[in-house]
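Below: entry-v8.cif (mmCIF, C-alpha atoms and all ligand atoms)
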data_start
#
loop_
_atom_site.label_atom_id
_atom_site.label_comp_id
_atom_site.auth_asym_id
_atom_site.auth_seq_id
_atom_site.Cartn_x
_atom_site.Cartn_y
_atom_site.Cartn_z
CA MET A 1033 98.23 67.97 161.84
CA ILE A 1034 97.36 67.61 158.15
CA ARG A 1035 94.87 70.28 157.09
CA PRO A 1036 92.17 68.90 154.83
CA PRO A 1037 91.29 70.89 151.70
CA LEU A 1038 88.52 73.43 152.13
CA GLY A 1039 85.23 72.75 150.41
CA ILE A 1040 85.02 69.04 151.27
CA ASP A 1041 81.97 67.49 152.90
CA LEU A 1042 82.25 67.49 156.70
CA HIS A 1043 82.06 63.69 156.69
CA ASP A 1044 85.32 63.58 154.73
CA ILE A 1045 87.26 65.28 157.56
CA ASP A 1046 89.49 62.84 159.41
CA THR A 1047 88.58 62.11 163.01
CA PRO A 1048 88.39 62.99 165.82
CA ALA A 1049 87.83 66.59 164.70
CA LEU A 1050 86.28 69.50 166.53
CA LEU A 1051 83.63 71.06 164.29
CA ILE A 1052 82.08 74.51 164.54
CA ASP A 1053 78.79 75.08 162.79
CA LEU A 1054 79.63 78.60 161.63
CA ASP A 1055 76.02 79.66 161.01
CA VAL A 1056 75.09 78.69 164.56
CA MET A 1057 78.16 80.33 166.10
CA GLU A 1058 77.48 83.56 164.21
CA ARG A 1059 73.84 83.54 165.37
CA ASN A 1060 74.93 83.04 168.99
CA LEU A 1061 77.40 85.94 168.76
CA GLN A 1062 74.74 88.16 167.22
CA THR A 1063 72.06 87.22 169.78
CA MET A 1064 74.24 88.20 172.74
CA ALA A 1065 75.54 91.33 170.99
CA ASP A 1066 71.98 92.41 170.16
CA PHE A 1067 70.93 92.00 173.79
CA PHE A 1068 73.69 94.30 175.01
CA LYS A 1069 73.47 96.84 172.20
CA ASP A 1070 71.22 99.27 174.10
CA LYS A 1071 72.13 98.31 177.69
CA PRO A 1072 74.30 100.30 180.08
CA ALA A 1073 76.31 97.12 180.74
CA LYS A 1074 78.60 96.00 177.92
CA LEU A 1075 79.98 92.64 176.90
CA ARG A 1076 83.56 91.68 177.64
CA PRO A 1077 83.34 88.03 176.57
CA HIS A 1078 85.45 85.39 178.28
CA VAL A 1079 88.00 83.77 175.94
CA LYS A 1080 88.37 80.67 178.13
CA THR A 1081 85.79 79.03 175.84
CA HIS A 1082 86.97 79.70 172.29
CA LYS A 1083 90.63 80.58 173.05
CA THR A 1084 91.00 82.13 169.61
CA PRO A 1085 91.84 85.77 168.71
CA LEU A 1086 89.91 85.52 165.45
CA ILE A 1087 86.66 84.82 167.31
CA ALA A 1088 87.52 87.55 169.84
CA HIS A 1089 87.74 90.02 166.96
CA LYS A 1090 84.31 88.91 165.73
CA GLN A 1091 82.94 89.67 169.22
CA ILE A 1092 84.65 93.06 169.29
CA ALA A 1093 83.30 93.89 165.83
CA LEU A 1094 79.83 93.20 167.26
CA GLY A 1095 80.33 95.65 170.14
CA ALA A 1096 82.37 93.88 172.82
CA ILE A 1097 84.56 96.35 174.70
CA GLY A 1098 87.49 93.96 175.17
CA MET A 1099 88.08 90.40 176.27
CA THR A 1100 88.08 88.60 179.61
CA CYS A 1101 90.81 86.00 180.17
CA ALA A 1102 91.41 83.42 182.87
CA LYS A 1103 95.20 83.30 182.72
CA ALA A 1104 98.21 85.40 181.74
CA GLY A 1105 98.85 82.98 178.86
CA GLU A 1106 95.39 83.56 177.41
CA ALA A 1107 95.85 87.33 177.75
CA GLU A 1108 99.18 87.15 175.90
CA ILE A 1109 97.64 85.23 173.00
CA MET A 1110 94.83 87.78 172.74
CA VAL A 1111 97.14 90.81 172.83
CA TRP A 1112 99.59 89.21 170.38
CA GLY A 1113 96.54 88.58 168.21
CA GLY A 1114 95.64 92.29 168.22
CA VAL A 1115 93.15 92.59 171.11
CA LYS A 1116 93.76 95.96 172.75
CA ASP A 1117 91.97 95.62 176.09
CA VAL A 1118 92.07 92.51 178.29
CA LEU A 1119 90.80 91.74 181.78
CA ILE A 1120 92.41 88.81 183.57
CA ALA A 1121 89.47 87.95 185.80
CA ASN A 1122 91.73 86.08 188.15
CA GLN A 1123 94.57 86.56 190.59
CA VAL A 1124 98.00 86.91 188.97
CA VAL A 1125 100.38 85.58 191.58
CA GLY A 1126 104.13 84.91 191.57
CA ARG A 1127 107.09 86.91 190.28
CA GLU A 1128 107.24 85.40 186.77
CA LYS A 1129 103.57 85.80 185.96
CA ILE A 1130 103.44 89.29 187.41
CA GLN A 1131 106.39 90.26 185.24
CA ARG A 1132 104.68 88.86 182.13
CA VAL A 1133 101.53 90.79 182.90
CA VAL A 1134 103.24 94.13 183.55
CA CYS A 1135 105.26 93.71 180.34
CA LEU A 1136 102.03 92.96 178.47
CA ALA A 1137 100.57 96.17 179.89
CA ARG A 1138 103.03 98.12 177.75
CA HIS A 1139 101.24 96.77 174.67
CA ALA A 1140 97.56 96.86 175.63
CA THR A 1141 95.21 97.91 178.40
CA VAL A 1142 95.60 95.15 180.96
CA THR A 1143 93.46 94.80 184.08
CA VAL A 1144 93.75 92.09 186.73
CA ALA A 1145 91.72 91.00 189.74
CA VAL A 1146 93.15 91.09 193.26
CA ASP A 1147 91.99 89.88 196.65
CA ASP A 1148 95.20 90.14 198.67
CA PRO A 1149 97.29 93.12 199.83
CA VAL A 1150 100.62 91.31 199.37
CA ASN A 1151 99.69 90.60 195.75
CA VAL A 1152 98.79 94.29 195.34
CA HIS A 1153 102.21 95.25 196.67
CA GLU A 1154 104.01 92.81 194.33
CA LEU A 1155 102.04 93.97 191.30
CA SER A 1156 102.75 97.58 192.21
CA GLN A 1157 106.50 97.04 192.57
CA ALA A 1158 106.74 95.23 189.23
CA ALA A 1159 104.58 97.78 187.41
CA GLU A 1160 106.54 100.70 188.77
CA ALA A 1161 109.87 99.08 187.89
CA THR A 1162 108.68 98.32 184.35
CA GLY A 1163 107.06 101.70 183.85
CA ALA A 1164 103.75 100.15 182.87
CA GLU A 1165 100.36 100.84 184.38
CA VAL A 1166 98.22 97.83 185.32
CA GLY A 1167 94.50 98.24 185.93
CA VAL A 1168 93.09 96.53 189.01
CA LEU A 1169 89.66 95.29 190.03
CA VAL A 1170 89.10 94.23 193.62
CA GLU A 1171 87.45 90.82 193.50
CA VAL A 1172 84.50 90.46 195.85
CA ASN A 1173 83.14 87.08 196.96
CA VAL A 1174 79.47 87.23 195.99
CA GLY A 1175 78.70 83.73 197.27
CA MET A 1176 80.71 81.42 195.03
CA ASN A 1177 83.26 81.08 197.84
CA ARG A 1178 86.20 80.75 195.46
CA CYS A 1179 88.37 83.88 195.38
CA GLY A 1180 87.56 87.40 196.47
CA VAL A 1181 87.41 89.48 199.62
CA GLU A 1182 84.12 89.81 201.47
CA PRO A 1183 81.77 92.59 200.33
CA ALA A 1184 81.61 96.03 201.99
CA GLU A 1185 84.42 97.04 204.40
CA PRO A 1186 87.04 94.39 203.40
CA ALA A 1187 86.60 95.37 199.74
CA LEU A 1188 86.82 99.08 200.60
CA HIS A 1189 89.99 98.46 202.60
CA LEU A 1190 91.70 96.63 199.71
CA ALA A 1191 90.50 99.19 197.16
CA LYS A 1192 92.19 101.94 199.20
CA GLU A 1193 95.43 99.93 199.13
CA VAL A 1194 95.23 99.64 195.36
CA LEU A 1195 94.50 103.33 195.04
CA ALA A 1196 97.63 104.15 197.03
CA ALA A 1197 99.86 101.71 195.11
CA LYS A 1198 102.20 103.15 192.48
CA GLY A 1199 102.00 101.66 188.98
CA LEU A 1200 98.44 100.42 189.54
CA LYS A 1201 95.18 102.03 188.52
CA PHE A 1202 92.16 101.18 190.65
CA ARG A 1203 89.36 100.62 188.15
CA GLY A 1204 86.60 99.00 190.17
CA LEU A 1205 85.13 95.71 191.33
CA MET A 1206 84.54 92.21 190.07
CA GLY A 1207 82.25 89.55 191.53
CA TYR A 1208 81.58 86.33 189.63
CA GLU A 1209 78.35 84.51 190.52
CA GLY A 1210 79.55 81.12 189.29
CA HIS A 1211 77.43 79.37 191.93
CA LEU A 1212 74.29 80.63 190.13
CA VAL A 1213 75.00 80.25 186.41
CA PHE A 1214 73.64 76.69 186.19
CA LYS A 1215 70.53 77.16 188.36
CA GLU A 1216 68.00 75.55 186.06
CA LYS A 1217 64.90 77.61 186.79
CA PHE A 1218 65.12 81.13 185.43
CA ALA A 1219 63.05 82.74 188.21
CA GLU A 1220 65.22 81.17 190.93
CA ARG A 1221 68.39 82.24 189.14
CA GLU A 1222 67.07 85.76 188.76
CA ALA A 1223 66.15 86.10 192.44
CA ALA A 1224 69.51 84.69 193.54
CA CYS A 1225 71.39 87.09 191.22
CA GLN A 1226 69.47 90.08 192.56
CA ARG A 1227 70.40 89.01 196.09
CA ASP A 1228 74.08 88.14 195.52
CA ILE A 1229 74.97 90.74 192.90
CA GLY A 1230 73.18 93.19 195.19
CA ARG A 1231 76.12 92.78 197.59
CA LEU A 1232 78.51 93.82 194.84
CA ILE A 1233 76.39 96.85 193.96
CA ASP A 1234 76.12 97.83 197.65
CA THR A 1235 79.91 97.58 197.87
CA LYS A 1236 80.23 99.87 194.86
CA GLY A 1237 77.97 102.34 196.72
CA LEU A 1238 80.15 102.17 199.81
CA LEU A 1239 83.32 102.83 197.78
CA GLU A 1240 81.70 105.78 196.05
CA GLN A 1241 80.50 107.22 199.37
CA SER A 1242 84.14 107.03 200.46
CA GLY A 1243 85.17 109.09 197.45
CA LEU A 1244 86.50 106.31 195.17
CA LEU A 1245 85.72 106.33 191.48
CA VAL A 1246 84.32 102.91 190.51
CA GLU A 1247 84.56 102.85 186.75
CA ILE A 1248 84.04 99.07 186.27
CA VAL A 1249 81.78 96.53 187.98
CA SER A 1250 82.34 93.23 186.19
CA SER A 1251 80.35 90.01 186.60
CA GLY A 1252 78.24 87.44 184.80
CA GLY A 1253 78.43 84.13 182.96
CA THR A 1254 76.36 82.69 180.13
CA GLY A 1255 73.65 81.52 182.53
CA THR A 1256 73.28 84.93 184.16
CA ALA A 1257 74.36 87.44 181.49
CA MET A 1258 70.84 88.56 180.67
CA ILE A 1259 69.94 88.88 184.38
CA THR A 1260 73.09 90.34 185.90
CA GLY A 1261 73.55 92.49 182.79
CA MET A 1262 70.27 94.25 183.65
CA ILE A 1263 71.18 95.10 187.24
CA PRO A 1264 71.87 98.84 187.55
CA GLY A 1265 75.51 99.46 188.40
CA ILE A 1266 76.92 96.47 186.52
CA THR A 1267 79.13 97.77 183.70
CA GLU A 1268 80.60 94.60 182.15
CA ILE A 1269 79.54 91.00 181.57
CA GLN A 1270 82.11 88.19 181.28
CA ALA A 1271 80.03 85.46 179.57
CA GLY A 1272 82.00 83.07 177.37
CA SER A 1273 80.21 79.77 176.75
CA TYR A 1274 77.38 81.35 174.73
CA VAL A 1275 79.61 81.37 171.64
CA PHE A 1276 79.23 77.60 171.19
CA MET A 1277 76.95 76.47 174.01
CA ASP A 1278 77.44 72.94 175.27
CA GLY A 1279 75.32 70.10 176.51
CA ARG A 1280 75.22 71.36 180.08
CA TYR A 1281 74.23 74.93 179.27
CA LYS A 1282 71.65 73.84 176.67
CA SER A 1283 69.38 72.51 179.44
CA ILE A 1284 69.33 75.80 181.37
CA GLU A 1285 66.03 77.68 181.14
CA GLY A 1286 66.31 81.06 179.44
CA VAL A 1287 69.66 80.15 177.89
CA GLY A 1288 69.00 76.95 175.95
CA GLU A 1289 66.11 78.61 174.08
CA ARG A 1290 68.23 81.55 172.95
CA PHE A 1291 71.51 79.91 171.96
CA ASP A 1292 72.18 76.75 169.98
CA CYS A 1293 74.98 74.22 170.09
CA ALA A 1294 77.62 75.11 167.52
CA LEU A 1295 80.38 72.78 168.66
CA THR A 1296 80.47 69.03 168.01
CA LEU A 1297 83.16 66.39 167.81
CA LEU A 1298 83.26 64.36 164.61
CA THR A 1299 84.18 60.79 165.40
CA GLN A 1300 84.13 57.50 163.52
CA VAL A 1301 83.18 53.99 164.34
CA VAL A 1302 86.23 51.75 164.67
CA SER A 1303 84.53 48.57 165.84
CA ARG A 1304 81.13 46.96 166.36
CA PRO A 1305 81.86 44.15 168.79
CA SER A 1306 78.19 43.27 169.23
CA PRO A 1307 74.86 44.24 167.62
CA THR A 1308 74.15 46.68 170.46
CA LEU A 1309 77.60 48.21 170.90
CA ILE A 1310 79.82 50.37 168.73
CA VAL A 1311 83.22 51.78 169.60
CA VAL A 1312 84.29 55.19 168.25
CA ASP A 1313 87.73 56.80 168.01
CA ALA A 1314 86.96 59.56 170.54
CA GLY A 1315 87.84 58.90 174.15
CA MET A 1316 88.62 61.24 177.01
CA LYS A 1317 91.67 62.58 175.14
CA ALA A 1318 89.27 64.03 172.57
CA ILE A 1319 86.17 64.94 174.58
CA THR A 1320 85.86 65.65 178.29
CA HIS A 1321 83.15 64.28 180.55
CA GLU A 1322 83.35 65.96 183.96
CA PHE A 1323 79.81 67.33 183.32
CA GLY A 1324 78.54 64.00 181.97
CA TYR A 1325 79.05 61.91 178.85
CA PRO A 1326 78.55 63.54 175.46
CA THR A 1327 75.36 62.87 173.52
CA VAL A 1328 75.20 61.53 169.97
CA VAL A 1329 73.78 64.25 167.72
CA GLY A 1330 70.62 63.16 165.90
CA HIS A 1331 70.56 59.68 167.48
CA GLU A 1332 68.53 59.51 170.68
CA ASP A 1333 68.69 55.72 170.38
CA MET A 1334 72.48 55.81 170.86
CA LYS A 1335 74.02 56.40 174.27
CA VAL A 1336 77.65 56.98 175.21
CA VAL A 1337 78.27 54.59 178.10
CA SER A 1338 82.02 54.91 178.66
CA LEU A 1339 85.10 56.79 177.56
CA SER A 1340 88.60 55.38 177.92
CA GLU A 1341 91.64 57.30 176.70
CA GLU A 1342 91.14 56.77 172.96
CA HIS A 1343 87.86 54.88 172.73
CA GLY A 1344 84.23 55.75 173.31
CA LYS A 1345 81.66 53.00 173.77
CA ILE A 1346 78.17 53.70 172.45
CA GLN A 1347 75.22 51.49 173.32
CA LEU A 1348 72.65 50.99 170.55
CA ALA A 1349 69.01 50.63 171.58
CA ASP A 1350 68.19 49.04 168.22
CA PRO A 1351 70.41 46.08 167.29
CA SER A 1352 69.17 46.19 163.69
CA VAL A 1353 70.50 49.72 163.09
CA ARG A 1354 72.88 49.87 160.12
CA ILE A 1355 76.17 51.29 161.31
CA ARG A 1356 79.65 49.90 160.81
CA SER A 1357 83.36 50.72 161.03
CA GLY A 1358 84.18 53.89 159.15
CA ASP A 1359 80.77 55.49 159.65
CA LYS A 1360 80.90 58.93 161.24
CA LEU A 1361 78.88 60.42 164.08
CA ARG A 1362 78.90 63.76 165.87
CA LEU A 1363 79.11 64.04 169.63
CA LEU A 1364 77.88 67.06 171.60
CA PRO A 1365 80.30 67.78 174.47
CA SER A 1366 78.74 68.35 177.87
CA HIS A 1367 81.53 70.86 178.58
CA GLY A 1368 82.85 72.89 175.66
CA ASP A 1369 85.72 74.73 177.37
CA THR A 1370 87.70 71.72 178.56
CA THR A 1371 87.08 69.83 175.30
CA ILE A 1372 88.33 72.75 173.20
CA ASN A 1373 91.41 73.00 175.41
CA ILE A 1374 92.61 69.56 174.25
CA HIS A 1375 92.34 70.31 170.52
CA ASP A 1376 94.71 72.12 168.14
CA MET A 1377 92.21 73.09 165.47
CA TYR A 1378 88.62 74.01 164.81
CA PHE A 1379 87.04 72.83 161.59
CA GLY A 1380 84.55 75.52 160.63
CA VAL A 1381 81.67 74.04 158.67
CA ARG A 1382 78.80 75.78 156.90
CA ARG A 1383 75.81 73.78 155.71
CA GLY A 1384 77.84 70.58 155.70
CA THR A 1385 80.93 71.90 153.91
CA LEU A 1386 84.36 72.69 155.39
CA GLU A 1387 84.91 76.45 155.14
CA GLN A 1388 87.74 77.26 157.58
CA VAL A 1389 90.42 75.58 159.67
CA TRP A 1390 91.37 77.75 162.66
CA GLU A 1391 94.18 77.25 165.14
CA ILE A 1392 93.04 77.25 168.78
CA ALA A 1393 95.92 79.52 169.67
CA ALA A 1394 95.34 79.71 173.45
CA ARG A 1395 94.64 76.01 173.97
CA GLY A 1396 96.66 74.70 176.89
CA LYS A 1397 97.56 78.24 178.02
CA PHE A 1398 96.88 77.67 181.69
CA VAL A 1399 100.11 79.28 182.90
C1 LIG A 1401 85.68 84.51 186.34
C2 LIG A 1401 84.68 83.96 185.37
N1 LIG A 1401 83.92 84.83 184.71
C3 LIG A 1401 82.98 84.42 183.85
C4 LIG A 1401 82.78 83.08 183.60
C5 LIG A 1401 81.67 82.78 182.65
O1 LIG A 1401 81.67 81.71 181.90
P1 LIG A 1401 80.44 81.03 181.20
O2 LIG A 1401 80.07 81.85 180.04
O3 LIG A 1401 80.99 79.72 180.84
O4 LIG A 1401 79.30 80.93 182.16
C6 LIG A 1401 83.58 82.13 184.26
C7 LIG A 1401 83.42 80.69 184.04
O5 LIG A 1401 84.16 79.84 184.44
C8 LIG A 1401 84.54 82.59 185.19
O6 LIG A 1401 85.32 81.75 185.89
#
Render the structure in this file as structure tokens.
Amino acid sequence: MIRPPLGIDLHDIDTPALLIDLDVMERNLQTMADFFKDKPAKLRPHVKTHKTPLIAHKQIALGAIGMTCAKAGEAEIMVWGGVKDVLIANQVVGREKIQRVVCLARHATVTVAVDDPVNVHELSQAAEATGAEVGVLVEVNVGMNRCGVEPAEPALHLAKEVLAAKGLKFRGLMGYEGHLVFKEKFAEREAACQRDIGRLIDTKGLLEQSGLLVEIVSSGGTGTAMITGMIPGITEIQAGSYVFMDGRYKSIEGVGERFDCALTLLTQVVSRPSPTLIVVDAGMKAITHEFGYPTVVGHEDMKVVSLSEEHGKIQLADPSVRIRSGDKLRLLPSHGDTTINIHDMYFGVRRGTLEQVWEIAARGKFV
């Protein structure tokens, strides 16, 4: 990709281009950091959103205790980029990935989630053979019904297996309430978090009664960070999307008011086949739409009505509007994470001027 010169107007950047409004991103980072500054729970932001060590270091400088990753590949990029403490909030399964993770643990503090005794055994064997120590959280299903053992006795049973396994360090529990993060009404989300995260906290109590030291209890997304982060016993919050926000999160009560959308896709009109239709150069290979079509920033009278691979169709409510080929628009993605994952670069813009071009180093790192 050709890097444009810094200092140009954002409208002179070639398209499609993923823009960050740096002022907004910095405010979002500060808002979340300020919230956690005096709380017992600390932030361990999820990198699945920004996928960039440079932004991770900004979060750490603001008080984050390390980073949360979804995959071994993301963890490698963070550690190679100088992050010293990573949690892979996911199961690391299979000989090759396990080997990568235990080797990484020689260079940083690495913790993984487990929900299966065979996986514990395989991690233990690899860690012992490599001479590295891998931290382990037992993942508890708090109602999302994705991964995780059931709360209470099943979690205690697995925790004891981890404790007995050579090469592994039992560090605590994780329970991600992903089924609650998008609950629109704050009061409903709060009540549901108290109920479901309560199971995780009760499980912590059970483990402690059985003599286990539970150093970490990790949970939380952007929609629940300020709720789950206040529940006594929670030690770490894994929120990630707050850095940029996206169209879907912006509508969530208690979140949309605190954080603003920093990420947009610059696109340009390539055709106006009729007075009420324009076609832009951003299709589904530039912006994802599993959470709904993007919106056109600053133009409520324009509506994205379809995305094919390289084209986006935008319906114009007003046929007399002056817009033609070459004009540029910004689209707000409904889902930031998956859109970022298909781009190589961020174009960091401040007050309309290009200030930075950053590589999205962990984009595509799903292995
Ligand atoms: C394990 C885990 N933790 C935390 C999050 C939080 O992410 P977000 O900030 O997007 O709500 C996610 C989202 O997918 C997740 O899968």
Could you tell me, counting all atoms listed in the file, which protein and nucleic acid residues lie no more than 9 Å from ligand LIG 1401 (chain A), written as a PDB file with C-alpha atoms, in the frame of the given file?
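Dumped to part_31.pdb:
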ATOM      1  CA  PRO A1077      83.340  88.030 176.570  1.00  0.00           C
ATOM      2  CA  HIS A1078      85.450  85.390 178.280  1.00  0.00           C
ATOM      3  CA  VAL A1079      88.000  83.770 175.940  1.00  0.00           C
ATOM      4  CA  LYS A1080      88.370  80.670 178.130  1.00  0.00           C
ATOM      5  CA  THR A1081      85.790  79.030 175.840  1.00  0.00           C
ATOM      6  CA  THR A1100      88.080  88.600 179.610  1.00  0.00           C
ATOM      7  CA  CYS A1101      90.810  86.000 180.170  1.00  0.00           C
ATOM      8  CA  ALA A1102      91.410  83.420 182.870  1.00  0.00           C
ATOM      9  CA  ILE A1120      92.410  88.810 183.570  1.00  0.00           C
ATOM     10  CA  ALA A1121      89.470  87.950 185.800  1.00  0.00           C
ATOM     11  CA  ASN A1122      91.730  86.080 188.150  1.00  0.00           C
ATOM     12  CA  MET A1206      84.540  92.210 190.070  1.00  0.00           C
ATOM     13  CA  GLY A1207      82.250  89.550 191.530  1.00  0.00           C
ATOM     14  CA  TYR A1208      81.580  86.330 189.630  1.00  0.00           C
ATOM     15  CA  GLU A1209      78.350  84.510 190.520  1.00  0.00           C
ATOM     16  CA  GLY A1210      79.550  81.120 189.290  1.00  0.00           C
ATOM     17  CA  VAL A1213      75.000  80.250 186.410  1.00  0.00           C
ATOM     18  CA  PHE A1214      73.640  76.690 186.190  1.00  0.00           C
ATOM     19  CA  SER A1250      82.340  93.230 186.190  1.00  0.00           C
ATOM     20  CA  SER A1251      80.350  90.010 186.600  1.00  0.00           C
ATOM     21  CA  GLY A1252      78.240  87.440 184.800  1.00  0.00           C
ATOM     22  CA  GLY A1253      78.430  84.130 182.960  1.00  0.00           C
ATOM     23  CA  THR A1254      76.360  82.690 180.130  1.00  0.00           C
ATOM     24  CA  GLY A1255      73.650  81.520 182.530  1.00  0.00           C
ATOM     25  CA  THR A1256      73.280  84.930 184.160  1.00  0.00           C
ATOM     26  CA  ALA A1257      74.360  87.440 181.490  1.00  0.00           C
ATOM     27  CA  ILE A1269      79.540  91.000 181.570  1.00  0.00           C
ATOM     28  CA  GLN A1270      82.110  88.190 181.280  1.00  0.00           C
ATOM     29  CA  ALA A1271      80.030  85.460 179.570  1.00  0.00           C
ATOM     30  CA  GLY A1272      82.000  83.070 177.370  1.00  0.00           C
ATOM     31  CA  SER A1273      80.210  79.770 176.750  1.00  0.00           C
ATOM     32  CA  TYR A1274      77.380  81.350 174.730  1.00  0.00           C
ATOM     33  CA  VAL A1275      79.610  81.370 171.640  1.00  0.00           C
ATOM     34  CA  MET A1277      76.950  76.470 174.010  1.00  0.00           C
ATOM     35  CA  TYR A1281      74.230  74.930 179.270  1.00  0.00           C
ATOM     36  CA  GLY A1368      82.850  72.890 175.660  1.00  0.00           C
ATOM     37  CA  ASP A1369      85.720  74.730 177.370  1.00  0.00           C
TER      38      ASP A1369
END
- From the set A:Lys1129, A:Arg1231, A:Thr1327, A:Asp1066, which residue has the shortest atom-to-atom contact distance to A:Gly1105, counting all atoms listed in the file? A:Lys1129
- Would you mind reading off the distance between atom CA of A:Leu1297 and atom CA of A:Pro1351, one decimal, in Å?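 Those two atoms sit 24.0 Å apart.
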- So, counting all atoms listed in the file, which residue among A:Tyr1325, A:Val1125, A:Val1133, A:His1139 is closest to A:Asn1151?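 Result for the nearest residue to A:Asn1151: A:Val1125.
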- How many Å separate atom CA of A:Ser1242 from atom CA of A:Val1170?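 Rounded to one decimal, the two atoms are 15.3 Å apart.
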- Item | Atom pair atom CA of A:Lys1397 / atom CA of A:Val1142: separation (Å) |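 Atom CA of A:Lys1397 sits 17.3 Å away from atom CA of A:Val1142.
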- Nearest to A:Ile1319: which of A:Arg1178, A:Lys1335, A:Arg1382, A:His1367 is it, counting all atoms listed in the file?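 Ranked by minimum distance to A:Ile1319, first place goes to A:His1367.
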- Task: Using all atoms listed in the file, determine which residues lie at most 10 Å from A:Glu1058, disregarding the query and same-chain residues fewer than 6 positions distant; provide the list as a ChimeraX atom specification.
- Result: /A:1087,1090-1091,1275-1276,1294
- Task: Could you check which of A:Ala1394, A:Val1111, A:Leu1075, A:Ile1092 is closest to A:Gly1261, using all atoms listed in the file?
- Result: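 Closest residue, counting all atoms listed in the file: A:Leu1075.
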Excluding A:Glu1391 and its own-chain neighbours fewer than 3 positions away, which residues fall within 10 Å of it when counting all atoms listed in the file? Please give them as a PDB file with C-alpha atoms, in the coordinates of the input.
ATOM      1  CA  LYS A1083      90.630  80.580 173.050  1.00  0.00           C
ATOM      2  CA  THR A1084      91.000  82.130 169.610  1.00  0.00           C
ATOM      3  CA  PRO A1085      91.840  85.770 168.710  1.00  0.00           C
ATOM      4  CA  LEU A1086      89.910  85.520 165.450  1.00  0.00           C
ATOM      5  CA  HIS A1375      92.340  70.310 170.520  1.00  0.00           C
ATOM      6  CA  ASP A1376      94.710  72.120 168.140  1.00  0.00           C
ATOM      7  CA  MET A1377      92.210  73.090 165.470  1.00  0.00           C
ATOM      8  CA  TYR A1378      88.620  74.010 164.810  1.00  0.00           C
ATOM      9  CA  PHE A1379      87.040  72.830 161.590  1.00  0.00           C
ATOM     10  CA  GLN A1388      87.740  77.260 157.580  1.00  0.00           C
ATOM     11  CA  ALA A1394      95.340  79.710 173.450  1.00  0.00           C
ATOM     12  CA  ARG A1395      94.640  76.010 173.970  1.00  0.00           C
TER      13      ARG A1395
END
- Pick from A:Ala1096, A:Leu1339, A:Met1176, A:Val1134: nearest to A:Ala1314, with only C-alpha atoms counted?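 Smallest distance to A:Ala1314 is found for A:Leu1339.
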- Item | 12 Å contact set for A:Ala1187, all atoms listed in the file, chain neighbours under 5 positions out, as a PyMOL selection string | chain A and resi 1146-1149+1169-1174+1180-1182+1192-1194+1204-1207+1231-1239+1242+1244
- Message: Measuring between only C-alpha atoms, which one of A:Ala1184, A:Gly1243, A:Ile1263, A:Gly1199 shows the shortest distance to A:Cys1225?
- Response: A:Ile1263
